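One file, query08.cif, carrying mmCIF, C-alpha atoms:
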data_data
loop_
_atom_site.label_atom_id
_atom_site.label_comp_id
_atom_site.auth_asym_id
_atom_site.auth_seq_id
_atom_site.Cartn_x
_atom_site.Cartn_y
_atom_site.Cartn_z
CA MET A 1 108.34 90.06 84.89
CA LYS A 2 107.05 89.12 81.43
CA SER A 3 105.85 91.89 79.14
CA LEU A 4 102.15 91.80 78.35
CA PHE A 5 102.19 93.83 75.17
CA PRO A 6 103.48 94.29 71.61
CA ALA A 7 105.75 97.17 70.55
CA VAL A 8 104.98 100.75 71.60
CA THR A 9 102.88 102.85 69.25
CA LEU A 10 102.64 106.62 69.00
CA PRO A 11 100.58 108.32 71.74
CA LEU A 12 97.63 110.63 71.24
CA LEU A 13 98.73 113.88 72.91
CA LEU A 14 96.24 116.58 73.79
CA SER A 15 98.71 118.85 75.54
CA ALA A 16 102.26 118.91 76.82
CA CYS A 17 104.14 121.22 79.17
CA VAL A 18 107.90 120.94 79.72
CA VAL A 19 109.73 122.45 82.71
CA HIS A 20 113.52 122.38 83.09
CA VAL A 21 114.91 122.39 86.64
CA ASN A 22 118.37 122.80 88.12
CA ALA A 23 120.59 119.80 87.31
CA SER A 24 121.79 119.70 90.94
CA SER A 25 118.22 119.11 92.14
CA PRO A 26 117.41 115.61 93.50
CA GLU A 27 114.64 115.46 90.87
CA PRO A 28 115.44 114.60 87.22
CA ALA A 29 116.41 117.65 85.13
CA VAL A 30 113.12 117.82 83.17
CA GLN A 31 109.50 117.58 84.31
CA GLU A 32 106.95 117.27 81.50
CA GLN A 33 103.17 117.05 81.73
CA GLN A 34 101.17 115.24 79.05
CA THR A 35 97.44 114.57 78.62
CA LEU A 36 96.08 111.71 76.50
CA PHE A 37 92.63 110.24 75.88
CA VAL A 38 90.80 107.56 73.93
CA THR A 39 87.06 106.94 73.67
CA SER A 40 85.86 103.91 75.62
CA ALA A 41 83.15 102.88 73.14
CA GLY A 42 83.45 99.12 72.48
CA LEU A 43 86.24 98.68 75.05
CA LYS A 44 86.09 96.08 77.84
CA LYS A 45 89.54 96.35 79.41
CA LEU A 46 92.39 98.75 80.16
CA VAL A 47 95.80 97.10 79.96
CA LEU A 48 98.48 99.17 81.68
CA GLU A 49 102.25 98.70 81.78
CA SER A 50 104.08 101.09 84.09
CA GLN A 51 107.76 100.56 84.85
CA ALA A 52 108.48 103.33 87.39
CA GLY A 53 106.18 105.91 88.95
CA ASP A 54 102.99 106.23 90.94
CA VAL A 55 99.70 105.06 89.39
CA ARG A 56 96.28 106.34 90.39
CA ILE A 57 93.15 104.98 88.65
CA VAL A 58 89.71 106.48 89.27
CA GLY A 59 86.52 104.76 88.07
CA LYS A 60 83.43 106.82 87.21
CA ALA A 61 80.09 105.24 86.37
CA ASN A 62 79.09 107.52 83.50
CA HIS A 63 82.52 108.23 82.03
CA THR A 64 82.73 107.66 78.26
CA GLN A 65 86.47 107.78 77.65
CA ILE A 66 89.86 106.97 79.17
CA ASP A 67 91.68 110.11 80.30
CA VAL A 68 95.37 110.06 81.21
CA ASP A 69 97.15 112.88 83.05
CA ALA A 70 100.86 112.05 83.12
CA ARG A 71 103.87 113.73 84.68
CA LEU A 72 107.19 112.60 83.18
CA TYR A 73 110.53 113.06 84.97
CA TYR A 74 113.74 112.49 83.03
CA GLN A 75 117.28 113.63 82.21
CA ASP A 76 116.92 112.78 78.52
CA LYS A 77 113.63 112.51 76.58
CA ALA A 78 114.77 109.13 75.24
CA GLN A 79 114.44 107.76 78.80
CA VAL A 80 110.62 107.93 78.77
CA GLN A 81 107.91 106.64 76.45
CA LEU A 82 104.19 107.23 76.93
CA SER A 83 101.44 105.89 74.65
CA LEU A 84 97.70 105.14 74.66
CA GLN A 85 95.84 103.29 71.90
CA SER A 86 92.83 101.06 71.25
CA GLN A 87 93.53 97.47 70.23
CA GLY A 88 90.48 95.26 69.70
CA ASP A 89 88.32 95.51 72.82
CA SER A 90 91.21 96.78 74.97
CA ALA A 91 92.90 100.11 75.57
CA ILE A 92 96.70 99.76 75.88
CA LEU A 93 98.48 102.31 78.06
CA LYS A 94 102.28 102.16 78.34
CA ALA A 95 104.46 104.29 80.59
CA LEU A 96 107.99 103.02 79.94
CA THR A 97 111.25 104.29 81.44
CA ASP A 98 114.93 103.63 80.72
CA ASN A 99 117.46 104.30 83.49
CA ASN A 100 120.40 104.45 81.06
CA CYS A 101 121.79 107.90 80.32
CA VAL A 102 124.66 109.31 78.24
CA GLY A 103 127.43 111.39 79.83
CA ILE A 104 127.19 112.59 83.43
CA CYS A 105 124.07 111.27 85.17
CA THR A 106 122.67 113.34 88.04
CA GLY A 107 119.40 113.40 89.96
CA GLU A 108 116.87 110.62 90.40
CA SER A 109 116.00 107.86 87.94
CA PRO A 110 113.33 108.67 85.33
CA ARG A 111 109.71 107.95 86.19
CA ILE A 112 106.17 108.60 84.94
CA ASP A 113 103.40 109.36 87.41
CA LEU A 114 99.89 108.63 86.09
CA VAL A 115 96.35 109.69 86.98
CA VAL A 116 93.90 107.70 84.85
CA THR A 117 90.13 108.25 84.81
CA VAL A 118 88.10 105.38 83.31
CA PRO A 119 84.53 104.02 83.15
CA ALA A 120 83.88 102.06 86.36
CA ALA A 121 82.75 98.98 84.38
CA LEU A 122 86.09 98.65 82.56
CA ALA A 123 88.26 95.66 83.62
CA LEU A 124 91.87 96.44 84.58
CA GLN A 125 95.05 94.49 83.85
CA ILE A 126 98.10 96.15 85.39
CA GLU A 127 101.80 95.31 85.19
CA ASP A 128 103.83 97.62 87.42
CA GLY A 129 107.51 97.76 88.27
CA SER A 130 107.82 100.21 91.17
CA GLY A 131 105.74 102.97 92.70
CA THR A 132 102.45 103.14 94.56
CA ILE A 133 99.17 101.94 93.03
CA SER A 134 95.87 103.54 94.07
CA ILE A 135 92.56 102.37 92.56
CA ASN A 136 89.06 103.41 93.58
CA GLY A 137 85.54 103.45 92.22
CA MET A 138 85.88 100.38 89.98
CA ALA A 139 83.11 97.78 89.48
CA ALA A 140 84.84 95.19 87.24
CA ASP A 141 87.57 92.54 87.57
CA ILE A 142 91.13 93.70 88.33
CA ALA A 143 94.45 91.86 87.85
CA ILE A 144 97.69 93.37 89.21
CA GLU A 145 101.27 92.17 88.82
CA ASP A 146 103.48 94.45 90.93
CA GLY A 147 107.17 94.54 91.75
CA SER A 148 107.30 96.93 94.71
CA GLY A 149 105.27 99.72 96.24
CA ALA A 150 102.10 100.07 98.28
CA ILE A 151 98.73 99.05 96.81
CA ALA A 152 95.45 100.67 97.90
CA LEU A 153 92.29 99.36 96.22
CA ASP A 154 88.73 100.37 97.12
CA GLY A 155 86.06 98.84 94.88
CA GLY A 156 86.01 96.15 92.21
CA ALA A 157 84.54 92.74 91.36
CA SER A 158 87.04 89.83 91.52
CA VAL A 159 90.67 90.81 92.10
CA GLU A 160 93.97 88.94 91.61
CA ILE A 161 97.24 90.39 92.88
CA GLU A 162 100.82 89.12 92.54
CA ASP A 163 103.11 91.39 94.53
CA GLY A 164 106.79 91.43 95.41
CA SER A 165 106.84 93.86 98.33
CA GLY A 166 104.83 96.69 99.81
CA GLU A 167 101.78 96.99 102.03
CA MET A 168 98.24 96.39 100.73
CA GLN A 169 94.83 97.75 101.65
CA ILE A 170 91.94 96.09 99.78
CA SER A 171 88.24 96.80 100.41
CA HIS A 172 84.70 96.69 98.98
CA LEU A 173 84.88 93.87 96.43
CA SER A 174 81.72 92.29 95.01
CA GLY A 175 83.62 89.12 93.95
CA SER A 176 86.57 87.13 95.25
CA LEU A 177 90.17 88.08 96.12
CA SER A 178 93.42 86.21 95.49
CA ILE A 179 96.78 87.56 96.76
CA THR A 180 100.27 86.16 96.31
CA ASP A 181 102.68 88.40 98.21
CA GLY A 182 106.37 88.41 99.07
CA SER A 183 106.46 90.85 101.97
CA GLY A 184 104.46 93.67 103.48
CA SER A 185 101.35 93.97 105.62
CA ILE A 186 97.96 93.06 104.13
CA GLN A 187 94.60 94.53 105.19
CA VAL A 188 91.39 93.22 103.60
CA GLN A 189 87.86 94.37 104.39
CA GLN A 190 84.37 93.77 102.98
CA VAL A 191 84.76 91.11 100.29
CA ALA A 192 81.58 89.34 99.15
CA GLY A 193 83.28 86.14 97.93
CA ALA A 194 86.26 84.05 99.02
CA VAL A 195 89.70 85.35 100.00
CA ARG A 196 92.94 83.43 99.37
CA ILE A 197 96.28 84.78 100.62
CA GLU A 198 99.76 83.32 100.15
CA ASP A 199 102.19 85.55 102.00
CA GLY A 200 105.90 85.44 102.73
CA SER A 201 106.06 87.90 105.63
CA GLY A 202 103.98 90.65 107.16
CA ASP A 203 100.87 90.94 109.30
CA ILE A 204 97.52 89.93 107.77
CA THR A 205 94.19 91.44 108.83
CA VAL A 206 90.94 90.26 107.20
CA ARG A 207 87.45 91.48 108.11
CA GLN A 208 83.90 91.00 106.83
CA VAL A 209 84.30 88.30 104.19
CA GLY A 210 81.23 86.46 102.91
CA GLY A 211 83.08 83.35 101.72
CA GLN A 212 86.02 81.25 102.86
CA VAL A 213 89.29 82.84 103.99
CA ARG A 214 92.30 80.64 103.16
CA VAL A 215 95.79 81.67 104.30
CA SER A 216 99.34 80.37 103.85
CA ASP A 217 101.82 82.57 105.71
CA GLY A 218 105.55 82.54 106.37
CA SER A 219 105.74 85.00 109.27
CA GLY A 220 103.57 87.66 110.83
CA SER A 221 100.33 87.75 112.79
CA ILE A 222 97.01 86.66 111.26
CA SER A 223 93.73 88.23 112.36
CA VAL A 224 90.41 87.21 110.78
CA HIS A 225 87.11 88.67 111.99
CA GLN A 226 83.74 87.72 110.47
CA ALA A 227 84.16 85.21 107.63
CA GLY A 228 82.20 82.32 106.10
CA SER A 229 84.89 79.79 107.04
CA PHE A 230 88.66 79.66 107.59
CA VAL A 231 91.52 77.43 106.46
CA LEU A 232 95.15 77.88 107.56
CA ASP A 233 97.35 75.89 105.19
CA ASP A 234 100.71 76.95 106.64
CA ASP A 235 102.00 79.39 109.24
CA GLY A 236 105.67 79.83 110.09
CA SER A 237 105.43 82.24 113.02
CA GLY A 238 103.09 84.83 114.46
CA GLU A 239 99.88 85.00 116.46
CA LEU A 240 96.54 83.74 115.13
CA ASP A 241 93.33 85.55 116.12
CA LEU A 242 89.97 84.26 114.83
CA THR A 243 86.57 85.71 115.76
CA ASP A 244 83.05 85.35 114.37
CA ILE A 245 83.81 82.57 111.86
CA GLN A 246 80.44 81.23 110.68
CA GLY A 247 81.51 77.84 109.29
CA ALA A 248 84.34 75.35 109.64
CA VAL A 249 87.83 76.24 110.88
CA GLU A 250 90.76 74.11 109.65
CA LEU A 251 94.24 74.56 111.06
CA ASN A 252 96.65 72.50 108.95
CA LYS A 253 99.90 73.98 110.31
CA ASP A 254 102.44 71.57 111.77
#
I'd like the structure from this file rewritten - as C-alpha coordinates, please.
Amino acid sequence: MKSLFPAVTLPLLLSACVVHVNASSPEPAVQEQQTLFVTSAGLKKLVLESQAGDVRIVGKANHTQIDVDARLYYQDKAQVQLSLQSQGDSAILKALTDNNCVGICTGESPRIDLVVTVPAALALQIEDGSGTISINGMAADIAIEDGSGAIALDGGASVEIEDGSGEMQISHLSGSLSITDGSGSIQVQQVAGAVRIEDGSGDITVRQVGGQVRVSDGSGSISVHQAGSFVLDDDGSGELDLTDIQGAVELNKD
(Lines of atoms letter the chains of each structure in order from A and count residues from 1; the text may use other names and numbers.)
(Lines give C-alpha, C1' and ligand atoms only; values in the text may rest on other atoms or scores of the structure.)
Protein backbone atom coordinates (compact mmCIF):
# COMPACT_ATOMS: atom_id res chain seq x y z
CA MET A 1 0.00 0.00 0.00
CA LYS A 2 1.53 3.34 -1.01
CA SER A 3 2.12 5.94 1.67
CA LEU A 4 0.02 9.07 1.32
CA PHE A 5 2.14 11.43 3.37
CA PRO A 6 5.53 13.11 3.93
CA ALA A 7 7.74 12.43 6.96
CA VAL A 8 6.26 12.37 10.49
CA THR A 9 6.28 15.62 12.44
CA LEU A 10 6.08 16.14 16.19
CA PRO A 11 2.61 15.68 17.72
CA LEU A 12 0.72 18.19 19.82
CA LEU A 13 0.17 16.38 23.14
CA LEU A 14 -2.37 17.59 25.65
CA SER A 15 -1.93 14.72 28.09
CA ALA A 16 -0.28 11.34 28.38
CA CYS A 17 -0.69 8.46 30.81
CA VAL A 18 1.64 5.45 30.80
CA VAL A 19 0.80 2.09 32.42
CA HIS A 20 3.26 -0.81 32.62
CA VAL A 21 1.79 -4.32 32.70
CA ASN A 22 3.22 -7.77 33.36
CA ALA A 23 5.53 -8.87 30.52
CA SER A 24 3.87 -12.31 30.49
CA SER A 25 0.51 -10.73 29.65
CA PRO A 26 -0.83 -11.31 26.09
CA GLU A 27 -0.98 -7.50 25.76
CA PRO A 28 2.17 -5.47 24.97
CA ALA A 29 4.15 -4.50 28.09
CA VAL A 30 3.15 -0.80 28.03
CA GLN A 31 -0.22 0.88 27.54
CA GLU A 32 -0.08 4.65 27.06
CA GLN A 33 -2.95 7.10 26.57
CA GLN A 34 -2.42 10.33 24.64
CA THR A 35 -4.75 13.19 23.71
CA LEU A 36 -4.11 15.52 20.77
CA PHE A 37 -6.07 18.29 19.07
CA VAL A 38 -5.88 20.85 16.27
CA THR A 39 -8.36 23.60 15.39
CA SER A 40 -10.41 22.89 12.27
CA ALA A 41 -10.58 26.51 11.07
CA GLY A 42 -9.70 26.59 7.34
CA LEU A 43 -9.47 22.79 7.08
CA LYS A 44 -11.37 20.78 4.47
CA LYS A 45 -10.00 17.26 4.98
CA LEU A 46 -8.61 14.86 7.57
CA VAL A 47 -5.93 12.56 6.16
CA LEU A 48 -5.32 9.56 8.41
CA GLU A 49 -2.66 6.85 8.20
CA SER A 50 -3.08 4.03 10.71
CA GLN A 51 -0.94 0.92 10.44
CA ALA A 52 -2.34 -1.28 13.23
CA GLY A 53 -5.20 -0.70 15.64
CA ASP A 54 -8.90 0.11 15.74
CA VAL A 55 -10.11 3.44 14.34
CA ARG A 56 -13.33 5.16 15.38
CA ILE A 57 -14.30 8.51 13.81
CA VAL A 58 -17.28 10.52 15.06
CA GLY A 59 -18.63 13.52 13.12
CA LYS A 60 -20.36 16.37 14.97
CA ALA A 61 -22.09 19.22 13.15
CA ASN A 62 -20.93 22.08 15.37
CA HIS A 63 -17.49 20.79 16.32
CA THR A 64 -14.69 23.34 15.79
CA GLN A 65 -11.59 21.18 16.17
CA ILE A 66 -10.18 17.70 15.60
CA ASP A 67 -9.82 15.77 18.86
CA VAL A 68 -7.80 12.55 19.06
CA ASP A 69 -7.96 10.13 21.99
CA ALA A 70 -5.30 7.47 21.42
CA ARG A 71 -4.32 4.34 23.30
CA LEU A 72 -0.83 3.06 22.42
CA TYR A 73 0.30 -0.52 23.09
CA TYR A 74 3.98 -1.38 22.76
CA GLN A 75 7.02 -3.19 24.15
CA ASP A 76 9.38 -0.33 23.29
CA LYS A 77 8.38 3.34 22.80
CA ALA A 78 10.31 3.36 19.51
CA GLN A 79 7.67 0.96 18.11
CA VAL A 80 4.94 3.64 18.02
CA GLN A 81 4.68 7.13 16.54
CA LEU A 82 1.64 9.39 16.87
CA SER A 83 1.33 12.88 15.35
CA LEU A 84 -1.31 15.42 14.33
CA GLN A 85 -0.64 18.62 12.38
CA SER A 86 -2.23 21.07 9.94
CA GLN A 87 -0.82 21.15 6.41
CA GLY A 88 -2.52 23.55 4.00
CA ASP A 89 -6.25 22.81 4.08
CA SER A 90 -5.74 19.31 5.54
CA ALA A 91 -5.13 17.87 8.98
CA ILE A 92 -2.60 15.00 8.90
CA LEU A 93 -2.97 12.31 11.56
CA LYS A 94 -0.43 9.47 11.67
CA ALA A 95 -0.55 6.43 13.94
CA LEU A 96 2.51 4.40 12.93
CA THR A 97 3.73 1.12 14.41
CA ASP A 98 6.90 -0.94 14.02
CA ASN A 99 6.76 -4.66 14.85
CA ASN A 100 10.55 -4.94 15.21
CA CYS A 101 11.88 -5.22 18.76
CA VAL A 102 15.30 -5.65 20.37
CA GLY A 103 16.08 -8.62 22.63
CA ILE A 104 13.34 -10.99 23.80
CA CYS A 105 9.96 -10.13 22.26
CA THR A 106 6.85 -11.13 24.22
CA GLY A 107 3.18 -10.24 24.04
CA GLU A 108 1.20 -8.93 21.08
CA SER A 109 2.43 -6.68 18.29
CA PRO A 110 2.29 -2.92 18.91
CA ARG A 111 -0.87 -1.06 17.94
CA ILE A 112 -2.57 2.32 18.34
CA ASP A 113 -6.32 2.50 18.90
CA LEU A 114 -7.88 5.85 17.92
CA VAL A 115 -11.09 7.71 18.74
CA VAL A 116 -11.26 10.85 16.59
CA THR A 117 -13.96 13.52 16.86
CA VAL A 118 -14.23 15.87 13.87
CA PRO A 119 -16.60 18.40 12.26
CA ALA A 120 -19.19 16.45 10.25
CA ALA A 121 -18.46 18.52 7.11
CA LEU A 122 -14.79 17.50 7.01
CA ALA A 123 -13.81 15.09 4.18
CA LEU A 124 -11.93 11.94 5.21
CA GLN A 125 -9.04 10.17 3.49
CA ILE A 126 -8.01 7.02 5.36
CA GLU A 127 -5.17 4.56 4.78
CA ASP A 128 -5.39 1.66 7.22
CA GLY A 129 -3.35 -1.50 7.61
CA SER A 130 -5.27 -3.69 10.07
CA GLY A 131 -7.97 -3.23 12.66
CA THR A 132 -11.63 -2.27 12.60
CA ILE A 133 -12.86 1.05 11.18
CA SER A 134 -16.04 2.66 12.54
CA ILE A 135 -17.29 5.99 11.14
CA ASN A 136 -20.57 7.73 11.94
CA GLY A 137 -22.15 11.15 11.73
CA MET A 138 -20.18 12.38 8.70
CA ALA A 139 -21.69 14.55 5.92
CA ALA A 140 -18.76 14.84 3.46
CA ASP A 141 -16.88 12.59 1.01
CA ILE A 142 -14.92 9.63 2.41
CA ALA A 143 -12.10 7.58 0.81
CA ILE A 144 -10.81 4.44 2.54
CA GLU A 145 -7.91 2.17 1.59
CA ASP A 146 -7.91 -0.77 4.02
CA GLY A 147 -5.84 -3.92 4.36
CA SER A 148 -7.93 -6.03 6.74
CA GLY A 149 -10.59 -5.59 9.38
CA ALA A 150 -14.31 -4.85 9.49
CA ILE A 151 -15.65 -1.49 8.25
CA ALA A 152 -18.85 0.07 9.63
CA LEU A 153 -19.88 3.41 8.11
CA ASP A 154 -23.10 5.27 8.86
CA GLY A 155 -23.38 8.67 7.16
CA GLY A 156 -21.42 10.50 4.48
CA ALA A 157 -21.70 11.97 0.98
CA SER A 158 -19.86 9.99 -1.74
CA VAL A 159 -17.72 7.10 -0.52
CA GLU A 160 -14.91 5.08 -2.15
CA ILE A 161 -13.52 1.96 -0.48
CA GLU A 162 -10.65 -0.33 -1.49
CA ASP A 163 -10.51 -3.25 0.93
CA GLY A 164 -8.49 -6.43 1.22
CA SER A 165 -10.62 -8.45 3.63
CA GLY A 166 -13.23 -7.99 6.31
CA GLU A 167 -16.98 -7.46 6.39
CA MET A 168 -18.58 -4.09 5.55
CA GLN A 169 -21.74 -2.33 6.66
CA ILE A 170 -22.42 0.94 4.81
CA SER A 171 -25.55 3.09 5.26
CA HIS A 172 -27.10 6.56 4.90
CA LEU A 173 -25.04 8.14 2.11
CA SER A 174 -26.24 11.28 0.32
CA GLY A 175 -23.97 10.59 -2.70
CA SER A 176 -22.65 7.51 -4.49
CA LEU A 177 -20.73 4.43 -3.30
CA SER A 178 -17.85 2.54 -4.93
CA ILE A 179 -16.40 -0.63 -3.34
CA THR A 180 -13.51 -2.80 -4.50
CA ASP A 181 -13.22 -5.73 -2.10
CA GLY A 182 -11.17 -8.90 -1.84
CA SER A 183 -13.25 -10.94 0.59
CA GLY A 184 -15.89 -10.51 3.25
CA SER A 185 -19.62 -9.89 3.33
CA ILE A 186 -20.97 -6.50 2.19
CA GLN A 187 -24.19 -4.86 3.41
CA VAL A 188 -25.32 -1.56 1.89
CA GLN A 189 -28.46 0.38 2.79
CA GLN A 190 -29.95 3.79 1.95
CA VAL A 191 -27.66 5.32 -0.67
CA ALA A 192 -29.06 8.26 -2.65
CA GLY A 193 -26.82 7.82 -5.72
CA ALA A 194 -25.33 4.87 -7.60
CA VAL A 195 -23.61 1.84 -6.06
CA ARG A 196 -20.75 -0.04 -7.75
CA ILE A 197 -19.30 -3.19 -6.17
CA GLU A 198 -16.39 -5.33 -7.39
CA ASP A 199 -16.06 -8.25 -4.99
CA GLY A 200 -13.90 -11.35 -4.84
CA SER A 201 -15.92 -13.43 -2.39
CA GLY A 202 -18.63 -12.96 0.20
CA ASP A 203 -22.36 -12.34 0.26
CA ILE A 204 -23.64 -8.96 -0.97
CA THR A 205 -26.85 -7.35 0.29
CA VAL A 206 -27.99 -3.97 -1.10
CA ARG A 207 -31.19 -2.15 -0.13
CA GLN A 208 -32.82 1.21 -0.86
CA VAL A 209 -30.55 2.70 -3.52
CA GLY A 210 -31.77 5.67 -5.56
CA GLY A 211 -29.45 5.10 -8.53
CA GLN A 212 -28.02 2.15 -10.42
CA VAL A 213 -26.55 -0.85 -8.61
CA ARG A 214 -23.69 -2.46 -10.59
CA VAL A 215 -22.03 -5.64 -9.32
CA SER A 216 -19.11 -7.84 -10.37
CA ASP A 217 -18.74 -10.79 -8.01
CA GLY A 218 -16.53 -13.86 -7.78
CA SER A 219 -18.53 -15.96 -5.32
CA GLY A 220 -21.32 -15.46 -2.82
CA SER A 221 -25.00 -14.62 -2.97
CA ILE A 222 -26.26 -11.26 -4.28
CA SER A 223 -29.46 -9.70 -2.95
CA VAL A 224 -30.70 -6.32 -4.20
CA HIS A 225 -33.98 -4.84 -2.98
CA GLN A 226 -35.28 -1.45 -4.16
CA ALA A 227 -32.88 0.19 -6.62
CA GLY A 228 -33.07 2.51 -9.63
CA SER A 229 -31.65 -0.14 -11.98
CA PHE A 230 -29.33 -3.16 -11.84
CA VAL A 231 -26.37 -4.44 -13.86
CA LEU A 232 -24.56 -7.71 -13.17
CA ASP A 233 -21.23 -7.63 -14.98
CA ASP A 234 -19.89 -10.96 -13.70
CA ASP A 235 -20.89 -13.60 -11.18
CA GLY A 236 -18.88 -16.74 -10.48
CA SER A 237 -21.21 -18.57 -8.11
CA GLY A 238 -24.03 -17.87 -5.70
CA GLU A 239 -27.73 -17.07 -5.76
CA LEU A 240 -29.13 -13.86 -7.25
CA ASP A 241 -32.22 -12.26 -5.67
CA LEU A 242 -33.67 -9.06 -7.18
CA THR A 243 -36.83 -7.30 -5.98
CA ASP A 244 -38.37 -3.88 -6.58
CA ILE A 245 -35.93 -2.73 -9.30
CA GLN A 246 -37.45 0.39 -10.86
CA GLY A 247 -35.54 0.50 -14.16
CA ALA A 248 -33.63 -1.84 -16.45
CA VAL A 249 -32.03 -5.11 -15.33
CA GLU A 250 -28.96 -6.35 -17.24
CA LEU A 251 -27.47 -9.75 -16.55
CA ASN A 252 -24.17 -10.00 -18.43
CA LYS A 253 -22.86 -13.16 -16.73
CA ASP A 254 -21.93 -16.09 -18.96
**OP:** Between A:Gly211, A:Gly228, A:Gly137, A:Gly184, single out the one closest to Leu153 of chain A, counting only C-alpha atoms.
**Re:**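 Of all the options, A:Gly137 lies closest to Leu153 of chain A.
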Original post:
Do you know which residues are at most 12 Å from Val118 of chain A counting all atoms listed in the file, after dropping those on the same chain fewer than 3 positions away, and could you put them as a ChimeraX atom specification?
Top reply: /A:37-41,43-47,56-69,91,115,121-124,135-140
Subject >> Selected residue of minimal separation from Ile161 of chain A among A:Gln33, A:Ser134, A:Ser223, A:Thr180, counting only C-alpha atoms >> reply: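 So, comparing all the options, the nearest one is A:Thr180.
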**OP:** Would you write out, as a list of chain:residue names, every residue that the PyMOL selection byres ((chain A and resi 50) around 9) captures in this file?
**Re:**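 Here the PyMOL selection byres ((chain A and resi 50) around 9) matches A:Leu48, A:Glu49, A:Gln51, A:Ala52, A:Gly53, A:Asp54, A:Val55, A:Leu93, A:Lys94, A:Ala95, A:Leu96, A:Thr97, A:Ile112, A:Asp113, A:Leu114, A:Ile126, A:Glu127, A:Asp128, A:Gly129, A:Ser130, A:Gly131.
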**OP:** Report the distance between atom CA of Gly155 of chain A and atom CA of Ile92 of chain A in Å, rounded to one decimal place.
**Re:**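 Atom CA of Gly155 of chain A sits 21.8 Å away from atom CA of Ile92 of chain A.
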Can I get segment 129-147 of chain A with N, CA, C and O atoms filled in, as a short mmCIF file (atom, residue, chain, number, x, y, z; two decimals), keeping the file's coordinate frame?
data_model
loop_
_atom_site.label_atom_id
_atom_site.label_comp_id
_atom_site.auth_asym_id
_atom_site.auth_seq_id
_atom_site.Cartn_x
_atom_site.Cartn_y
_atom_site.Cartn_z
N GLY A 129 106.19 98.05 87.74
CA GLY A 129 107.51 97.76 88.27
C GLY A 129 107.69 98.28 89.68
O GLY A 129 107.85 97.53 90.64
N SER A 130 107.66 99.60 89.85
CA SER A 130 107.82 100.21 91.17
C SER A 130 106.99 101.47 91.26
O SER A 130 106.73 102.13 90.25
N GLY A 131 106.60 101.82 92.48
CA GLY A 131 105.74 102.97 92.70
C GLY A 131 104.43 102.53 93.30
O GLY A 131 104.01 101.37 93.21
N THR A 132 103.73 103.46 93.92
CA THR A 132 102.45 103.14 94.56
C THR A 132 101.35 102.96 93.52
O THR A 132 101.39 103.56 92.44
N ILE A 133 100.36 102.14 93.86
CA ILE A 133 99.17 101.94 93.03
C ILE A 133 97.95 102.27 93.88
O ILE A 133 97.76 101.69 94.95
N SER A 134 97.11 103.17 93.39
CA SER A 134 95.87 103.54 94.07
C SER A 134 94.72 103.40 93.08
O SER A 134 94.76 104.00 92.00
N ILE A 135 93.71 102.61 93.44
CA ILE A 135 92.56 102.37 92.56
C ILE A 135 91.29 102.52 93.38
O ILE A 135 91.15 101.92 94.44
N ASN A 136 90.34 103.31 92.89
CA ASN A 136 89.06 103.41 93.58
C ASN A 136 87.93 103.65 92.60
O ASN A 136 88.14 104.17 91.49
N GLY A 137 86.73 103.23 93.00
CA GLY A 137 85.54 103.45 92.22
C GLY A 137 85.29 102.45 91.12
O GLY A 137 84.37 102.64 90.32
N MET A 138 86.06 101.35 91.05
CA MET A 138 85.88 100.38 89.98
C MET A 138 84.79 99.37 90.34
O MET A 138 84.53 99.09 91.51
N ALA A 139 84.16 98.77 89.27
CA ALA A 139 83.11 97.78 89.48
C ALA A 139 83.37 96.49 88.71
O ALA A 139 82.52 95.61 88.71
N ALA A 140 84.52 96.36 88.07
CA ALA A 140 84.84 95.19 87.24
C ALA A 140 86.03 94.44 87.82
O ALA A 140 86.58 94.80 88.86
N ASP A 141 86.44 93.35 87.12
CA ASP A 141 87.57 92.54 87.57
C ASP A 141 88.88 93.32 87.42
O ASP A 141 89.06 94.12 86.50
N ILE A 142 89.83 93.02 88.32
CA ILE A 142 91.13 93.70 88.33
C ILE A 142 92.22 92.66 88.53
O ILE A 142 92.13 91.81 89.42
N ALA A 143 93.28 92.72 87.69
CA ALA A 143 94.45 91.86 87.85
C ALA A 143 95.68 92.76 87.94
O ALA A 143 95.88 93.64 87.10
N ILE A 144 96.50 92.54 88.97
CA ILE A 144 97.69 93.37 89.21
C ILE A 144 98.90 92.48 89.38
O ILE A 144 98.89 91.54 90.18
N GLU A 145 99.97 92.78 88.63
CA GLU A 145 101.27 92.17 88.82
C GLU A 145 102.23 93.30 89.18
O GLU A 145 102.51 94.16 88.34
N ASP A 146 102.74 93.29 90.41
CA ASP A 146 103.48 94.45 90.93
C ASP A 146 104.82 94.03 91.50
O ASP A 146 104.92 93.02 92.20
N GLY A 147 105.85 94.82 91.20
CA GLY A 147 107.17 94.54 91.75
C GLY A 147 107.32 95.04 93.18
O GLY A 147 107.55 94.29 94.11
#
